[in-house]
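Colleague: Structure below; questions to follow.
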2 protein chains.
Amino acid sequence: MQDKVDLAGALASFDEAFQPRIVGYYNDSKLQVAKVRGEFVWHSHPDTDDFFLVISGRLTIQLRDRDVELGAGDLFVVPRGVEHCPRADEGAEILLIEPRGTPNSGDSQEREAFPEVEL
Amino acid sequence: MQDKVDLAGALASFDEAFQPRIVGYYNDSKLQVAKVRGEFVWHSHPDTDDFFLVISGRLTIQLRDRDVELGAGDLFVVPRGVEHCPRADEGAEILLIEPRGTPNSGDSQEREAFPEVEL
């Protein structure tokens, strides 16, 4: 059985941005912590929603028609198929939930997905 | 499309313990905020894992063979089929994720499930 996960401690154990680390699983989904610095890439996930919860810092989820501004303790779900581009000018730490096998860069042709890595 | 959810604000909008409020959805799962005060009931969910993230306070997930002690920012997943009984002597606020249709009291015969209520 998995043990508990201290999210702040897990996030303190690495520094790379846009390289999610898997800290556990919930059914067929991977529970990941990730750092965001600067702008990621526009993409969508045709088969799944994308769960974001900000642990620290400020995160902007850019959508094609608006920006969603998130601070610590704010949660947002990008619906499946909706184009989005996360950005954090000052840096942010997040909990990210996606089904196992989901590439973090979705359907982007500009950026390769980071491989699935357990912390 | 759902808007962002401020978890602390959502939790401040009600006071009842063991009555989860749905604040959004991720695929077929309901994203719920809940308050825990005192002891819930022993139960398991035969068909799903049970996701707990503590937002504030301290939560004990009692398992049959050990207690898992969680503080703010600690995450724990009770595997499907594993008996557990949440307890928070001083109170705790949590994010709880379960598939839609999952009764919060699982297979317990002692306590009726709280109905699914959107905040």
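Residue numbers start at 1 in each chain; chains themselves are named A, B, ... in the order of the structure tokens; ligands are numbered from 1 in the order shown.
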Please return, as a ChimeraX atom specification, all residues of chain B lying within 8 Å of chain A when only C-alpha atoms are considered.
Modeller: /B:1-8,24-27,48-51,68,70,73-77,79
Colleague: Which residues, written as a ChimeraX atom specification, have at least one atom at most 6 Å from Ile22 of chain A, with only C-alpha atoms counted and residues fewer than 5 positions away on the same chain left out?
Modeller: /A:31-32,117-119
Colleague: Would you save the residues from that selection as a short mmCIF file (atom, residue, chain, number, x, y, z; two decimals), in the first residue's frame, using N, CA, C and O atoms?
Modeller:
data_model
loop_
_atom_site.label_atom_id
_atom_site.label_comp_id
_atom_site.auth_asym_id
_atom_site.auth_seq_id
_atom_site.Cartn_x
_atom_site.Cartn_y
_atom_site.Cartn_z
N LEU A 31 -1.15 10.67 -9.80
CA LEU A 31 -1.12 11.87 -8.98
C LEU A 31 0.29 12.42 -9.07
O LEU A 31 1.25 11.74 -8.70
N GLN A 32 0.42 13.63 -9.59
CA GLN A 32 1.74 14.16 -9.89
C GLN A 32 1.95 15.51 -9.23
O GLN A 32 1.03 16.32 -9.16
N VAL A 117 7.58 9.46 -14.64
CA VAL A 117 8.63 9.18 -13.66
C VAL A 117 8.02 9.19 -12.27
O VAL A 117 7.36 10.16 -11.88
N GLU A 118 8.22 8.11 -11.53
CA GLU A 118 7.76 8.09 -10.14
C GLU A 118 8.82 8.73 -9.26
O GLU A 118 10.01 8.53 -9.46
N LEU A 119 8.37 9.50 -8.29
CA LEU A 119 9.31 10.19 -7.40
C LEU A 119 9.93 9.18 -6.45
O LEU A 119 9.25 8.33 -5.92
#
Colleague: Can you superpose chain B onto chain A by least squares over all C-alpha atoms paired in order and give the moved copy as a CSV table (one decimal) with N, CA, C and O atoms, in the first residue's frame?
Modeller:
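Contents of the output file part-v2.csv:
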chain,number,residue,atom,x,y,z
B,1,MET,N,0.9,-1.2,0.0
B,1,MET,CA,0.0,0.0,0.0
B,1,MET,C,0.9,1.2,0.0
B,1,MET,O,1.9,1.3,0.7
B,2,GLN,N,0.5,2.2,-0.7
B,2,GLN,CA,1.2,3.5,-0.8
B,2,GLN,C,1.2,4.1,0.6
B,2,GLN,O,0.2,4.0,1.4
B,3,ASP,N,2.2,4.9,0.9
B,3,ASP,CA,2.2,5.7,2.2
B,3,ASP,C,1.7,7.1,1.9
B,3,ASP,O,1.3,7.4,0.7
B,4,LYS,N,1.6,7.9,2.9
B,4,LYS,CA,1.1,9.3,2.7
B,4,LYS,C,2.2,10.0,1.9
B,4,LYS,O,3.4,9.7,1.9
B,5,VAL,N,1.7,11.1,1.3
B,5,VAL,CA,2.6,12.0,0.5
B,5,VAL,C,2.6,13.4,1.1
B,5,VAL,O,1.5,13.9,1.2
B,6,ASP,N,3.7,13.9,1.5
B,6,ASP,CA,3.8,15.3,1.9
B,6,ASP,C,4.1,16.1,0.7
B,6,ASP,O,5.2,16.0,0.1
B,7,LEU,N,3.1,16.8,0.2
B,7,LEU,CA,3.2,17.4,-1.2
B,7,LEU,C,4.4,18.5,-1.2
B,7,LEU,O,5.2,18.5,-2.1
B,8,ALA,N,4.5,19.3,-0.1
B,8,ALA,CA,5.6,20.2,-0.1
B,8,ALA,C,7.0,19.6,-0.1
B,8,ALA,O,7.9,20.0,-0.7
B,9,GLY,N,7.1,18.5,0.7
B,9,GLY,CA,8.3,17.7,0.7
B,9,GLY,C,8.6,17.1,-0.6
B,9,GLY,O,9.8,17.1,-1.1
B,10,ALA,N,7.6,16.6,-1.3
B,10,ALA,CA,7.8,16.0,-2.6
B,10,ALA,C,8.3,17.1,-3.6
B,10,ALA,O,9.2,16.8,-4.4
B,11,LEU,N,7.7,18.2,-3.5
B,11,LEU,CA,8.1,19.3,-4.4
B,11,LEU,C,9.5,19.8,-4.1
B,11,LEU,O,10.2,20.3,-5.0
B,12,ALA,N,9.9,19.7,-2.9
B,12,ALA,CA,11.2,20.2,-2.5
B,12,ALA,C,12.3,19.3,-3.0
B,12,ALA,O,13.5,19.7,-3.0
B,13,SER,N,12.0,18.1,-3.5
B,13,SER,CA,13.0,17.1,-3.8
B,13,SER,C,13.5,17.2,-5.3
B,13,SER,O,14.4,16.5,-5.7
B,14,PHE,N,13.0,18.2,-6.0
B,14,PHE,CA,13.5,18.4,-7.4
B,14,PHE,C,13.2,19.8,-7.8
B,14,PHE,O,12.5,20.5,-7.1
B,15,ASP,N,13.9,20.2,-8.9
B,15,ASP,CA,13.7,21.6,-9.2
B,15,ASP,C,13.3,21.9,-10.7
B,15,ASP,O,12.9,23.0,-11.0
B,16,GLU,N,13.3,20.9,-11.5
B,16,GLU,CA,13.0,21.1,-12.9
B,16,GLU,C,11.6,21.4,-13.2
B,16,GLU,O,10.7,20.8,-12.6
B,17,ALA,N,11.4,22.4,-14.0
B,17,ALA,CA,10.0,22.8,-14.4
B,17,ALA,C,9.5,21.9,-15.5
B,17,ALA,O,10.3,21.4,-16.3
B,18,PHE,N,8.2,21.7,-15.5
B,18,PHE,CA,7.5,21.0,-16.6
B,18,PHE,C,7.9,19.5,-16.7
B,18,PHE,O,7.9,18.9,-17.7
B,19,GLN,N,8.3,19.0,-15.5
B,19,GLN,CA,8.7,17.6,-15.4
B,19,GLN,C,8.0,17.0,-14.3
B,19,GLN,O,8.6,16.8,-13.2
B,20,PRO,N,6.7,16.6,-14.5
B,20,PRO,CA,5.9,16.1,-13.4
B,20,PRO,C,6.5,14.8,-12.8
B,20,PRO,O,7.1,14.0,-13.5
B,21,ARG,N,6.4,14.7,-11.5
B,21,ARG,CA,6.8,13.5,-10.8
B,21,ARG,C,5.6,12.8,-10.2
B,21,ARG,O,4.7,13.4,-9.5
B,22,ILE,N,5.5,11.5,-10.4
B,22,ILE,CA,4.3,10.7,-9.9
B,22,ILE,C,4.5,10.4,-8.5
B,22,ILE,O,5.5,9.8,-8.1
B,23,VAL,N,3.6,10.8,-7.6
B,23,VAL,CA,3.7,10.5,-6.2
B,23,VAL,C,2.7,9.4,-5.7
B,23,VAL,O,2.7,9.0,-4.6
B,24,GLY,N,1.8,9.0,-6.6
B,24,GLY,CA,0.8,8.0,-6.2
B,24,GLY,C,-0.2,7.8,-7.3
B,24,GLY,O,-0.1,8.4,-8.4
B,25,TYR,N,-1.2,7.0,-7.0
B,25,TYR,CA,-2.2,6.7,-8.0
B,25,TYR,C,-3.6,6.7,-7.4
B,25,TYR,O,-3.7,6.3,-6.2
B,26,TYR,N,-4.5,7.1,-8.1
B,26,TYR,CA,-5.9,7.0,-7.7
B,26,TYR,C,-6.7,6.3,-8.9
B,26,TYR,O,-6.8,6.9,-9.9
B,27,ASN,N,-7.1,5.1,-8.6
B,27,ASN,CA,-7.6,4.3,-9.7
B,27,ASN,C,-6.7,4.3,-10.9
B,27,ASN,O,-5.5,4.0,-10.8
B,28,ASP,N,-7.2,4.7,-12.1
B,28,ASP,CA,-6.4,4.7,-13.3
B,28,ASP,C,-5.7,6.1,-13.5
B,28,ASP,O,-5.1,6.3,-14.6
B,29,SER,N,-5.7,6.9,-12.5
B,29,SER,CA,-5.0,8.2,-12.7
B,29,SER,C,-3.7,8.3,-11.9
B,29,SER,O,-3.6,7.7,-10.8
B,30,LYS,N,-2.8,9.1,-12.5
B,30,LYS,CA,-1.5,9.3,-11.8
B,30,LYS,C,-1.6,10.6,-11.0
B,30,LYS,O,-2.2,11.6,-11.6
B,31,LEU,N,-1.1,10.7,-9.8
B,31,LEU,CA,-1.1,11.9,-9.0
B,31,LEU,C,0.3,12.4,-9.1
B,31,LEU,O,1.2,11.7,-8.7
B,32,GLN,N,0.4,13.6,-9.6
B,32,GLN,CA,1.7,14.2,-9.9
B,32,GLN,C,1.9,15.5,-9.2
B,32,GLN,O,1.0,16.3,-9.2
B,33,VAL,N,3.2,15.8,-8.8
B,33,VAL,CA,3.6,17.1,-8.4
B,33,VAL,C,4.4,17.7,-9.5
B,33,VAL,O,5.2,16.9,-10.2
B,34,ALA,N,4.3,18.9,-9.8
B,34,ALA,CA,5.1,19.6,-10.9
B,34,ALA,C,5.4,21.0,-10.5
B,34,ALA,O,4.7,21.6,-9.7
B,35,LYS,N,6.5,21.5,-11.1
B,35,LYS,CA,6.8,22.9,-11.0
B,35,LYS,C,6.6,23.6,-12.4
B,35,LYS,O,6.8,22.9,-13.4
B,36,VAL,N,6.1,24.7,-12.3
B,36,VAL,CA,5.8,25.5,-13.5
B,36,VAL,C,6.7,26.8,-13.4
B,36,VAL,O,6.6,27.5,-12.4
B,37,ARG,N,7.5,27.1,-14.4
B,37,ARG,CA,8.2,28.4,-14.5
B,37,ARG,C,8.2,28.8,-15.9
B,37,ARG,O,8.6,28.1,-16.9
B,38,GLY,N,7.7,30.0,-16.2
B,38,GLY,CA,7.5,30.5,-17.5
B,38,GLY,C,6.3,29.9,-18.2
B,38,GLY,O,5.4,29.5,-17.5
B,39,GLU,N,6.4,29.7,-19.5
B,39,GLU,CA,5.2,29.3,-20.2
B,39,GLU,C,5.4,27.9,-20.8
B,39,GLU,O,6.5,27.6,-21.3
B,40,PHE,N,4.4,27.0,-20.7
B,40,PHE,CA,4.5,25.7,-21.2
B,40,PHE,C,4.2,25.7,-22.7
B,40,PHE,O,4.8,26.6,-23.4
B,41,VAL,N,3.3,25.0,-23.2
B,41,VAL,CA,3.0,24.9,-24.7
B,41,VAL,C,1.5,24.8,-24.8
B,41,VAL,O,0.9,24.1,-23.9
B,42,TRP,N,1.0,25.3,-25.9
B,42,TRP,CA,-0.5,25.1,-26.1
B,42,TRP,C,-0.7,23.7,-26.5
B,42,TRP,O,0.0,23.1,-27.3
B,43,HIS,N,-1.7,23.1,-25.8
B,43,HIS,CA,-2.1,21.7,-26.1
B,43,HIS,C,-3.4,21.4,-25.6
B,43,HIS,O,-4.0,22.2,-24.8
B,44,SER,N,-4.0,20.2,-26.0
B,44,SER,CA,-5.2,19.7,-25.3
B,44,SER,C,-5.1,18.2,-25.2
B,44,SER,O,-4.2,17.6,-25.7
B,45,HIS,N,-5.9,17.7,-24.3
B,45,HIS,CA,-6.0,16.3,-24.1
B,45,HIS,C,-7.4,15.8,-24.6
B,45,HIS,O,-8.4,16.0,-24.0
B,46,PRO,N,-7.4,15.2,-25.8
B,46,PRO,CA,-8.7,14.8,-26.4
B,46,PRO,C,-9.5,13.9,-25.6
B,46,PRO,O,-10.7,13.8,-25.7
B,47,ASP,N,-8.9,13.0,-24.7
B,47,ASP,CA,-9.6,12.0,-24.1
B,47,ASP,C,-9.8,12.2,-22.6
B,47,ASP,O,-10.3,11.3,-21.9
B,48,THR,N,-9.3,13.3,-22.0
B,48,THR,CA,-9.4,13.4,-20.6
B,48,THR,C,-9.4,14.9,-20.1
B,48,THR,O,-8.8,15.8,-20.8
B,49,ASP,N,-10.1,15.1,-19.0
B,49,ASP,CA,-10.0,16.3,-18.3
B,49,ASP,C,-8.6,16.4,-17.7
B,49,ASP,O,-7.9,15.4,-17.6
B,50,ASP,N,-8.2,17.6,-17.2
B,50,ASP,CA,-6.9,17.9,-16.7
B,50,ASP,C,-7.0,18.6,-15.4
B,50,ASP,O,-7.6,19.8,-15.4
B,51,PHE,N,-6.6,18.0,-14.3
B,51,PHE,CA,-6.9,18.6,-13.0
B,51,PHE,C,-5.6,19.3,-12.5
B,51,PHE,O,-4.5,18.8,-12.4
B,52,PHE,N,-5.8,20.6,-12.1
B,52,PHE,CA,-4.7,21.4,-11.5
B,52,PHE,C,-5.1,21.9,-10.1
B,52,PHE,O,-6.2,22.4,-10.0
B,53,LEU,N,-4.2,21.7,-9.2
B,53,LEU,CA,-4.4,22.4,-7.9
B,53,LEU,C,-3.1,23.1,-7.5
B,53,LEU,O,-2.0,22.4,-7.5
B,54,VAL,N,-3.2,24.4,-7.3
B,54,VAL,CA,-1.9,25.1,-7.0
B,54,VAL,C,-1.6,24.9,-5.5
B,54,VAL,O,-2.4,25.1,-4.6
B,55,ILE,N,-0.3,24.5,-5.3
B,55,ILE,CA,0.2,24.3,-3.9
B,55,ILE,C,0.9,25.6,-3.4
B,55,ILE,O,0.7,26.0,-2.3
B,56,SER,N,1.7,26.2,-4.3
B,56,SER,CA,2.3,27.4,-3.9
B,56,SER,C,2.5,28.2,-5.2
B,56,SER,O,2.6,27.7,-6.3
B,57,GLY,N,2.6,29.6,-5.0
B,57,GLY,CA,2.9,30.4,-6.2
B,57,GLY,C,1.6,30.8,-6.9
B,57,GLY,O,0.5,30.6,-6.4
B,58,ARG,N,1.7,31.3,-8.1
B,58,ARG,CA,0.6,31.7,-8.9
B,58,ARG,C,0.7,31.1,-10.3
B,58,ARG,O,1.7,31.2,-10.9
B,59,LEU,N,-0.4,30.6,-10.7
B,59,LEU,CA,-0.4,29.9,-12.0
B,59,LEU,C,-1.5,30.5,-12.9
B,59,LEU,O,-2.7,30.7,-12.4
B,60,THR,N,-1.2,30.8,-14.1
B,60,THR,CA,-2.2,31.2,-15.1
B,60,THR,C,-2.5,30.1,-16.1
B,60,THR,O,-1.5,29.6,-16.7
B,61,ILE,N,-3.7,29.6,-16.1
B,61,ILE,CA,-4.1,28.7,-17.2
B,61,ILE,C,-4.7,29.5,-18.3
B,61,ILE,O,-5.8,30.0,-18.2
B,62,GLN,N,-3.9,29.7,-19.4
B,62,GLN,CA,-4.3,30.4,-20.5
B,62,GLN,C,-5.3,29.5,-21.3
B,62,GLN,O,-4.9,28.4,-21.7
B,63,LEU,N,-6.5,30.0,-21.6
B,63,LEU,CA,-7.4,29.3,-22.5
B,63,LEU,C,-7.5,30.2,-23.7
B,63,LEU,O,-7.1,31.4,-23.7
B,64,ARG,N,-8.1,29.7,-24.8
B,64,ARG,CA,-8.1,30.5,-26.0
B,64,ARG,C,-9.0,31.8,-25.9
B,64,ARG,O,-8.8,32.8,-26.5
B,65,ASP,N,-9.9,31.7,-24.9
B,65,ASP,CA,-10.9,32.9,-24.8
B,65,ASP,C,-10.7,33.6,-23.5
B,65,ASP,O,-11.4,34.6,-23.3
B,66,ARG,N,-9.8,33.2,-22.6
B,66,ARG,CA,-9.6,33.9,-21.3
B,66,ARG,C,-8.5,33.3,-20.5
B,66,ARG,O,-8.0,32.2,-20.9
B,67,ASP,N,-8.1,34.0,-19.5
B,67,ASP,CA,-7.0,33.4,-18.6
B,67,ASP,C,-7.7,33.1,-17.3
B,67,ASP,O,-8.6,33.8,-16.8
B,68,VAL,N,-7.3,32.0,-16.7
B,68,VAL,CA,-7.8,31.6,-15.4
B,68,VAL,C,-6.6,31.8,-14.4
B,68,VAL,O,-5.6,31.1,-14.6
B,69,GLU,N,-6.8,32.6,-13.4
B,69,GLU,CA,-5.7,33.0,-12.5
B,69,GLU,C,-5.8,32.2,-11.2
B,69,GLU,O,-6.9,32.3,-10.6
B,70,LEU,N,-4.8,31.4,-10.9
B,70,LEU,CA,-4.9,30.6,-9.7
B,70,LEU,C,-3.8,30.9,-8.7
B,70,LEU,O,-2.7,31.0,-9.1
B,71,GLY,N,-4.2,30.9,-7.4
B,71,GLY,CA,-3.3,31.0,-6.3
B,71,GLY,C,-3.3,29.8,-5.5
B,71,GLY,O,-4.0,28.8,-5.8
B,72,ALA,N,-2.5,29.7,-4.4
B,72,ALA,CA,-2.4,28.5,-3.6
B,72,ALA,C,-3.8,28.2,-3.1
B,72,ALA,O,-4.5,29.0,-2.6
B,73,GLY,N,-4.1,26.9,-3.2
B,73,GLY,CA,-5.4,26.4,-2.7
B,73,GLY,C,-6.6,26.6,-3.8
B,73,GLY,O,-7.7,26.2,-3.5
B,74,ASP,N,-6.2,27.0,-5.0
B,74,ASP,CA,-7.2,27.1,-6.0
B,74,ASP,C,-7.1,25.9,-7.0
B,74,ASP,O,-6.0,25.5,-7.3
B,75,LEU,N,-8.2,25.4,-7.3
B,75,LEU,CA,-8.3,24.2,-8.2
B,75,LEU,C,-9.0,24.6,-9.5
B,75,LEU,O,-10.0,25.4,-9.5
B,76,PHE,N,-8.6,24.0,-10.6
B,76,PHE,CA,-9.2,24.2,-11.8
B,76,PHE,C,-9.1,22.9,-12.7
B,76,PHE,O,-8.1,22.3,-12.7
B,77,VAL,N,-10.2,22.6,-13.4
B,77,VAL,CA,-10.2,21.4,-14.2
B,77,VAL,C,-10.4,21.9,-15.7
B,77,VAL,O,-11.4,22.5,-16.0
B,78,VAL,N,-9.4,21.6,-16.5
B,78,VAL,CA,-9.5,21.9,-17.9
B,78,VAL,C,-10.3,20.8,-18.6
B,78,VAL,O,-9.8,19.6,-18.5
B,79,PRO,N,-11.4,21.1,-19.2
B,79,PRO,CA,-12.2,20.0,-19.7
B,79,PRO,C,-11.5,19.3,-20.9
B,79,PRO,O,-10.6,19.9,-21.6
B,80,ARG,N,-11.8,18.1,-21.1
B,80,ARG,CA,-11.1,17.3,-22.2
B,80,ARG,C,-11.3,18.1,-23.5
B,80,ARG,O,-12.4,18.7,-23.8
B,81,GLY,N,-10.3,18.1,-24.3
B,81,GLY,CA,-10.4,18.7,-25.7
B,81,GLY,C,-10.2,20.2,-25.7
B,81,GLY,O,-10.2,20.8,-26.8
B,82,VAL,N,-10.1,20.8,-24.5
B,82,VAL,CA,-10.0,22.3,-24.5
B,82,VAL,C,-8.5,22.7,-24.5
B,82,VAL,O,-7.7,22.3,-23.7
B,83,GLU,N,-8.1,23.5,-25.5
B,83,GLU,CA,-6.7,24.0,-25.6
B,83,GLU,C,-6.4,24.9,-24.4
B,83,GLU,O,-7.2,25.8,-24.0
B,84,HIS,N,-5.2,24.6,-23.9
B,84,HIS,CA,-4.7,25.5,-22.7
B,84,HIS,C,-3.2,25.5,-22.8
B,84,HIS,O,-2.5,24.7,-23.4
B,85,CYS,N,-2.7,26.5,-22.1
B,85,CYS,CA,-1.3,26.7,-22.0
B,85,CYS,C,-0.9,27.3,-20.6
B,85,CYS,O,-1.2,28.5,-20.3
B,86,PRO,N,-0.4,26.5,-19.7
B,86,PRO,CA,-0.1,26.9,-18.3
B,86,PRO,C,1.1,27.9,-18.4
B,86,PRO,O,2.0,27.7,-19.2
B,87,ARG,N,1.0,28.9,-17.5
B,87,ARG,CA,2.1,29.9,-17.4
B,87,ARG,C,2.3,30.3,-16.0
B,87,ARG,O,1.3,30.5,-15.3
B,88,ALA,N,3.5,30.5,-15.5
B,88,ALA,CA,3.8,31.0,-14.2
B,88,ALA,C,5.0,31.9,-14.2
B,88,ALA,O,6.1,31.4,-14.2
B,89,ASP,N,4.8,33.2,-14.3
B,89,ASP,CA,5.9,34.1,-14.5
B,89,ASP,C,6.9,34.0,-13.3
B,89,ASP,O,8.1,34.1,-13.5
B,90,GLU,N,6.3,33.9,-12.1
B,90,GLU,CA,7.1,33.9,-10.9
B,90,GLU,C,7.3,32.5,-10.4
B,90,GLU,O,7.9,32.3,-9.3
B,91,GLY,N,6.8,31.5,-11.0
B,91,GLY,CA,6.9,30.1,-10.6
B,91,GLY,C,5.7,29.6,-9.8
B,91,GLY,O,5.1,30.4,-9.1
B,92,ALA,N,5.4,28.4,-9.9
B,92,ALA,CA,4.3,27.8,-9.2
B,92,ALA,C,4.5,26.3,-9.0
B,92,ALA,O,5.3,25.7,-9.8
B,93,GLU,N,4.0,25.8,-7.9
B,93,GLU,CA,4.0,24.3,-7.6
B,93,GLU,C,2.6,23.8,-7.6
B,93,GLU,O,1.7,24.4,-7.0
B,94,ILE,N,2.4,22.7,-8.3
B,94,ILE,CA,1.1,22.2,-8.4
B,94,ILE,C,0.9,20.7,-8.2
B,94,ILE,O,1.9,19.9,-8.3
B,95,LEU,N,-0.3,20.3,-7.9
B,95,LEU,CA,-0.7,18.9,-8.0
B,95,LEU,C,-1.5,18.7,-9.3
B,95,LEU,O,-2.4,19.5,-9.5
B,96,LEU,N,-1.1,17.8,-10.1
B,96,LEU,CA,-1.6,17.6,-11.4
B,96,LEU,C,-2.2,16.1,-11.5
B,96,LEU,O,-1.4,15.2,-11.1
B,97,ILE,N,-3.4,16.0,-11.9
B,97,ILE,CA,-4.0,14.6,-12.0
B,97,ILE,C,-4.4,14.4,-13.4
B,97,ILE,O,-5.2,15.2,-14.0
B,98,GLU,N,-3.9,13.3,-14.0
B,98,GLU,CA,-4.3,12.9,-15.4
B,98,GLU,C,-4.3,11.3,-15.4
B,98,GLU,O,-3.6,10.7,-14.6
B,99,PRO,N,-5.0,10.7,-16.3
B,99,PRO,CA,-5.0,9.3,-16.4
B,99,PRO,C,-3.5,8.8,-16.7
B,99,PRO,O,-2.8,9.5,-17.4
B,100,ARG,N,-3.2,7.6,-16.2
B,100,ARG,CA,-1.9,7.0,-16.6
B,100,ARG,C,-1.8,7.0,-18.1
B,100,ARG,O,-2.8,6.7,-18.8
B,101,GLY,N,-0.6,7.2,-18.6
B,101,GLY,CA,-0.4,7.2,-20.0
B,101,GLY,C,-0.7,8.5,-20.7
B,101,GLY,O,-0.3,8.6,-21.9
B,102,THR,N,-1.2,9.5,-20.0
B,102,THR,CA,-1.5,10.8,-20.6
B,102,THR,C,-0.2,11.6,-20.8
B,102,THR,O,0.5,11.8,-19.8
B,103,PRO,N,0.2,12.0,-22.0
B,103,PRO,CA,1.4,12.8,-22.1
B,103,PRO,C,1.1,14.2,-21.6
B,103,PRO,O,0.1,14.8,-21.9
B,104,ASN,N,2.1,14.8,-20.8
B,104,ASN,CA,1.9,16.1,-20.2
B,104,ASN,C,1.7,17.2,-21.3
B,104,ASN,O,1.0,18.2,-21.0
B,105,SER,N,2.3,17.0,-22.5
B,105,SER,CA,2.1,18.0,-23.5
B,105,SER,C,1.0,17.7,-24.5
B,105,SER,O,0.9,18.3,-25.5
B,106,GLY,N,0.2,16.7,-24.1
B,106,GLY,CA,-1.0,16.4,-24.8
B,106,GLY,C,-0.8,16.2,-26.3
B,106,GLY,O,0.1,15.3,-26.7
B,107,ASP,N,-1.5,16.9,-27.1
B,107,ASP,CA,-1.5,16.7,-28.6
B,107,ASP,C,-0.5,17.7,-29.2
B,107,ASP,O,-0.5,17.9,-30.5
B,108,SER,N,0.4,18.4,-28.4
B,108,SER,CA,1.3,19.3,-29.0
B,108,SER,C,2.3,18.7,-29.9
B,108,SER,O,2.8,17.6,-29.7
B,109,GLN,N,2.6,19.4,-31.0
B,109,GLN,CA,3.6,18.9,-32.0
B,109,GLN,C,4.9,19.6,-31.7
B,109,GLN,O,6.0,19.3,-32.3
B,110,GLU,N,4.9,20.6,-30.8
B,110,GLU,CA,6.0,21.5,-30.5
B,110,GLU,C,6.9,21.0,-29.4
B,110,GLU,O,8.1,21.4,-29.3
B,111,ARG,N,6.4,20.1,-28.6
B,111,ARG,CA,7.2,19.7,-27.4
B,111,ARG,C,6.9,18.3,-27.1
B,111,ARG,O,5.8,17.8,-27.1
B,112,GLU,N,8.0,17.5,-26.9
B,112,GLU,CA,7.8,16.1,-26.5
B,112,GLU,C,7.3,16.0,-25.1
B,112,GLU,O,7.7,16.8,-24.2
B,113,ALA,N,6.6,15.0,-24.8
B,113,ALA,CA,6.1,14.8,-23.4
B,113,ALA,C,7.3,14.3,-22.6
B,113,ALA,O,8.2,13.7,-23.0
B,114,PHE,N,7.2,14.8,-21.3
B,114,PHE,CA,8.2,14.3,-20.3
B,114,PHE,C,7.7,12.8,-19.9
B,114,PHE,O,6.6,12.6,-19.7
B,115,PRO,N,8.7,11.9,-19.8
B,115,PRO,CA,8.3,10.5,-19.5
B,115,PRO,C,7.7,10.4,-18.2
B,115,PRO,O,7.8,11.3,-17.3
B,116,GLU,N,6.9,9.3,-18.0
B,116,GLU,CA,6.3,9.1,-16.7
B,116,GLU,C,7.3,8.6,-15.7
B,116,GLU,O,7.9,7.6,-15.8
B,117,VAL,N,7.6,9.5,-14.6
B,117,VAL,CA,8.6,9.2,-13.7
B,117,VAL,C,8.0,9.2,-12.3
B,117,VAL,O,7.3,10.2,-11.9
B,118,GLU,N,8.2,8.1,-11.5
B,118,GLU,CA,7.8,8.1,-10.1
B,118,GLU,C,8.8,8.7,-9.3
B,118,GLU,O,10.0,8.5,-9.5
B,119,LEU,N,8.3,9.5,-8.3
B,119,LEU,CA,9.3,10.2,-7.4
B,119,LEU,C,9.9,9.2,-6.5
B,119,LEU,O,9.3,8.3,-6.0
Colleague: Mind the document's chain letters and residue numbers, and return as a PyMOL selection string the residues of segment 17-113 of chain B that DSSP labels strand (DSSP E).
Modeller: chain B and resi 21-26+29-39+50-57+59-63+67-70+74-78+84-99
